[in-house]
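All remarks here apply to the structure that follows.
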There are 2 protein chains.
Amino acid sequence: MRIDRSIVKPLPLFSKMSDGEIDQILSHATSSRAAQGDTVFVQGTPANHFFLLLNGRLKVTQVTPDGQQIIVRVVHPGDLFGFAKALQRLDYPGTAFAAAESLYLAWPTSLWSFFVEQNPVLAVSALQTIGNRLEEAHTRIREMSTQEVERRVAHAVLRLAEKAGRAEDGGIRIDFQISRQDIAEMTGTTLHTVSRLLSAWEGKGLVEGGRQKLLVRDLKRLSRLAEGEK
Amino acid sequence: MRIDRSIVKPLPLFSKMSDGEIDQILSHATSSRAAQGDTVFVQGTPANHFFLLLNGRLKVTQVTPDGQQIIVRVVHPGDLFGFAKALQRLDYPGTAFAAAESLYLAWPTSLWSFFVEQNPVLAVSALQTIGNRLEEAHTRIREMSTQEVERRVAHAVLRLAEKAGRAEDGGIRIDFQISRQDIAEMTGTTLHTVSRLLSAWEGKGLVEGGRQKLLVRDLKRLSRLAEGEK
DNA sequence: GGTTCTATTTGACGCAGCGCAAAGTGCGAG
DNA sequence: CTCGCACTTTGCGCTGCGTCAAATAGAACC
């Protein structure tokens with residue numbers, strides 16, 4: 001399968017690589033399509049591949065031994081994902097599935113060390129990628145430790161708007177299907193509380209709900225709410 | 001300043017390097033001592049160095065804009081810390097200070113890319129290090145999302161016992177000064193609740209408290225408690 | 001040995017948000 | 001068009017844990 005260089009060239013991950021290097025890496029990749037609801041990899045299975053999302057949107061979830069689920073993160077186009085091998089793991093720590101029709105590249109994990117050692121720039125980039133992700137995780141921990149639910153949910157919605165927002169008349173549309181349950185799992189609360197909050201916000205004209213849909217009408221006021229101003 | 005190779009050789013980070021490579025890296029390092037309470041770096045200041053803890057124990061904290069504090073992590077001997085540069089940041093995201101008399105190495109951040117590109121094995125190791133840290137962060141998020149306070153505190157204490165425990169007659173001593181407040185900041189609760197829990201546990205013979213001290217008497221039962229069995 | 005400072009304990013009280021339950025609604029399948 | 005399912009909304013009662021407040025106890029310092 002032939003993948004065109006121009007597709008990945010704008011991504012920060014590849015920005016410092018020469019055309020030759022990019023081609024070299026792409027020559028080992030296979031591209032795949034995932035329909036909405038399809039899983040890309042499953043928690044606990046051997047981590048045989050690592051991936052790059054070209055298009056669409058994925059949710060990565062973890063299930064605890066006692067059956068509770070959380071959303072670890074949302075994968076946006078351009079993100080590397082599923083590189084468990086770099087985490088010194090043999091299996092995937094979570095399950096990734098498509099929240100929208102998605103297109104992604106896959107490489108065998110066995111090539112990871114090879115790529116990194118061949119191409120130190122990739123190593124530095126990858127390090128930055130994980131670094132960012134670590135920082136996101138710390139942000140989430142900080143929010144969960146210190147903020148009440150309403151602010152956390154507001155922050156989560158704002159991040160979604162920023163990362164997955166599409167301008168629309170009257171606001172910013174979250175560009176994939178997302179349920180109250182999903183938002184609850186991203187913020188450590190219950191779908192009931194999220195529903196109540198969104199209803200309240202809708203009453204104040206901040207957002208507009210819908211089945212698996214969300215439209216942010218007043219970004220400014222939502223931001224203020226997230227910052228703790230009542 | 002001359003640092004002997006044998007000090008760092010047993011650390012996983014250096015395990016795959018040749019003596020020559022290790023010497024090369026050490027030749028750029030300076031070693032420092034921090035007395036209890038000293039800060040190694042401060043949140044928001046330019047990240048001019050990255051570090052390796054040889055000895056002692058550090059706490060890394062973050063303060064939120066509204067003055068709330070959380071403990072991001074505890075640094076144990078052998079850990080790299082403060083490599084904000086790899087996180088694509090120019091300043092330190094937190095403050096590190098010594099919870100016990102500590103000894104550490106420091107390198108200018110400007111050498112980071114150089115080291116990584118010179119020495120791909122280091123890159124892979126560093127990636128694994130951050131990967132582990134990311135996983136820890138996710139564990140914490142998962143716990144905060146799904147578990148009630150008692151289990152979270154139990155898990156935190158168990159981790160401390162594992163990473164910083166020293167066998168002692170009658171139990172495992174946490175090997176540095178740690179307050180109820182610290183434990184609260186590690187688990188996202190208040191010092192009051194932690195104090196109440198520890199008192200209750202002490203009554204049941206699980207732990208033994210003290211001012212800034214903690215001794216785990218019954219690891220087994222504490223583990224069961226952490227797993228949710230009452 | 002007393003004074004002071006900081007850490008810890010403990011009690012009393014209140015409420016944010018969870019659990020439970022039931023009703024409402026949009027959407028896809030047929 | 002209608003049926004049925006999955007998602008959402010909303011009400012209500014309860015409780016885990018935070019907040020406020022005050023007492024107690026080590027440690028450090030003079």
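Scheme for the structure tokens: letters A, B, ... for chains in order shown; per-chain residue numbers from 1; ligand numbers from 1 in order shown.
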Select from chain A every residue with an atom at most 9 Å from any atom of chain C, then for each give the shortest pair of atoms and their distance in Å to one decimal, using only C-alpha atoms (C1' of nucleotides), rows by chain and rising number, as a tab-separated table.
residue	atom	partner	partner_atom	distance
A:Glu148	CA	C:DA16	C1'	8.5
A:Val149	CA	C:DG17	C1'	8.3
A:Thr189	CA	C:DG17	C1'	8.6
A:Thr190	CA	C:DC18	C1'	7.6
A:His192	CA	C:DC18	C1'	8.8
A:Thr193	CA	C:DG17	C1'	7.2
A:Gly210	CA	C:DG26	C1'	8.6
A:Arg211	CA	C:DG26	C1'	6.9
Compute the set of chain D residues within 9 Å of chain B, using only C-alpha atoms (C1' of nucleotides), and express it as a PDB file with C-alpha atoms (C1' of nucleotides), in the first residue's frame.
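Done, and the output landed in result_28.pdb:
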ATOM      1  C1'  DG D  16     -19.244  10.514  52.146  1.00  0.00           C
ATOM      2  C1'  DC D  17     -16.504  13.852  52.779  1.00  0.00           C
ATOM      3  C1'  DG D  18     -15.473  18.729  52.967  1.00  0.00           C
ATOM      4  C1'  DG D  26       5.239  16.606  69.581  1.00  0.00           C
TER       5       DG D  26
END
Taking 4 positions as the minimum chain separation for residues in the same chain, which residues sit within 8 Å of segment 161-167 of chain B when counting only C-alpha atoms (C1' of nucleotides)? Answer as an mmCIF file with C-alpha atoms, in the first residue's frame.
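File produced: out_31.cif:
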data_model
loop_
_atom_site.group_PDB
_atom_site.id
_atom_site.type_symbol
_atom_site.label_atom_id
_atom_site.label_comp_id
_atom_site.auth_asym_id
_atom_site.auth_seq_id
_atom_site.Cartn_x
_atom_site.Cartn_y
_atom_site.Cartn_z
ATOM 1 C CA HIS B 76 12.975 8.300 44.401
ATOM 2 C CA VAL B 157 0.287 4.372 51.271
ATOM 3 C CA GLY B 171 6.418 -3.291 59.846
ATOM 4 C CA ILE B 172 7.564 -1.175 56.945
ATOM 5 C CA ARG B 173 8.697 2.320 57.717
ATOM 6 C CA ILE B 174 8.094 5.077 55.144
ATOM 7 C CA ASP B 175 11.622 6.310 54.813
ATOM 8 C CA PHE B 176 11.132 10.060 54.801
ATOM 9 C CA VAL B 216 2.760 0.025 57.853
#
Residues flagged strand (DSSP E) by DSSP in segment 1-228 of chain A, as an NGL selection string: :A and (30-34 or 39-41 or 49-63 or 69-75 or 80-81 or 95-108 or 165-168 or 171-174 or 207-208 or 215-216)
Which residues of chain B have any atom within 9 Å of an atom in chain A when counting only C-alpha atoms, and what is the closest pair of atoms for each, with the distance in Å to one decimal? Order the rows by chain and rising number and write it as a tab-separated table.
residue	atom	partner	partner_atom	distance
B:Gln62	CA	A:Arg142	CA	8.3
B:Thr64	CA	A:Arg142	CA	8.0
B:Gln68	CA	A:Thr146	CA	6.8
B:Gln69	CA	A:Thr146	CA	8.3
B:Ile70	CA	A:Arg142	CA	6.8
B:Val72	CA	A:His138	CA	7.3
B:Ala84	CA	A:Gly131	CA	8.3
B:Lys85	CA	A:Gln128	CA	8.5
B:Ala86	CA	A:Gln128	CA	5.5
B:Leu87	CA	A:Gly131	CA	4.3
B:Gln88	CA	A:Gln128	CA	5.7
B:Pro93	CA	A:Glu135	CA	8.6
B:Ser113	CA	A:Val124	CA	7.2
B:Val116	CA	A:Pro120	CA	7.0
B:Glu117	CA	A:Pro120	CA	5.1
B:Gln118	CA	A:Pro120	CA	8.2
B:Asn119	CA	A:Glu117	CA	8.4
B:Pro120	CA	A:Glu117	CA	5.1
B:Val121	CA	A:Glu117	CA	7.3
B:Ala123	CA	A:Ala123	CA	6.1
B:Val124	CA	A:Ser113	CA	7.2
B:Ser125	CA	A:Ala86	CA	8.8
B:Ala126	CA	A:Leu127	CA	7.9
B:Leu127	CA	A:Leu127	CA	5.9
B:Gln128	CA	A:Leu87	CA	5.0
B:Thr129	CA	A:Leu87	CA	7.6
B:Ile130	CA	A:Ile130	CA	7.1
B:Gly131	CA	A:Leu87	CA	4.3
B:Asn132	CA	A:Leu87	CA	5.8
B:Arg133	CA	A:Leu134	CA	7.6
B:Leu134	CA	A:Leu134	CA	5.3
B:Glu135	CA	A:Leu87	CA	7.8
B:Ala137	CA	A:Ala137	CA	6.1
B:His138	CA	A:Ala137	CA	6.8
B:Arg140	CA	A:Ile141	CA	7.4
B:Ile141	CA	A:Ile141	CA	6.0
B:Arg142	CA	A:Ile70	CA	6.8
B:Met144	CA	A:Gly188	CA	7.2
B:Ser145	CA	A:Gly188	CA	4.2
B:Thr146	CA	A:Gln68	CA	6.8
B:Glu185	CA	A:Ser145	CA	7.8
B:Met186	CA	A:Ser145	CA	8.7
B:Thr187	CA	A:Ser145	CA	7.5
B:Gly188	CA	A:Ser145	CA	4.2
B:Thr189	CA	A:Ser145	CA	6.9
As an MDAnalysis selection string, please: all residues of segment 26-141 of chain B that backbone DSSP puts in helix (DSSP H, G or I). chainID B and resid 26 84:87 110:118 120:141
Set the distance at 10 Å and use only C-alpha atoms (C1' of nucleotides): which residues neighbour Thr30 of chain B once local chain neighbours fewer than 3 positions away are removed? I'd like the list as a list in words.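 Selected residues are Met1, Arg2, Ile3, Leu26, Ser27, Phe51, Tyr104, Leu105, Ala106, Trp107 and Pro108 of chain B.
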Residue contacts of segment 195-198 of chain B (8 Å, only C-alpha atoms (C1' of nucleotides)) excluding same-chain residues fewer than 3 positions away, as a PyMOL selection string: (chain B and resi 150+180+191-192+201-202+207+209) or (chain C and resi 8-9)
Rounded to one decimal, what separation in Å do you get between atom CA of Val153 of chain A and atom CA of Ala99 of chain A? 19.5 Å
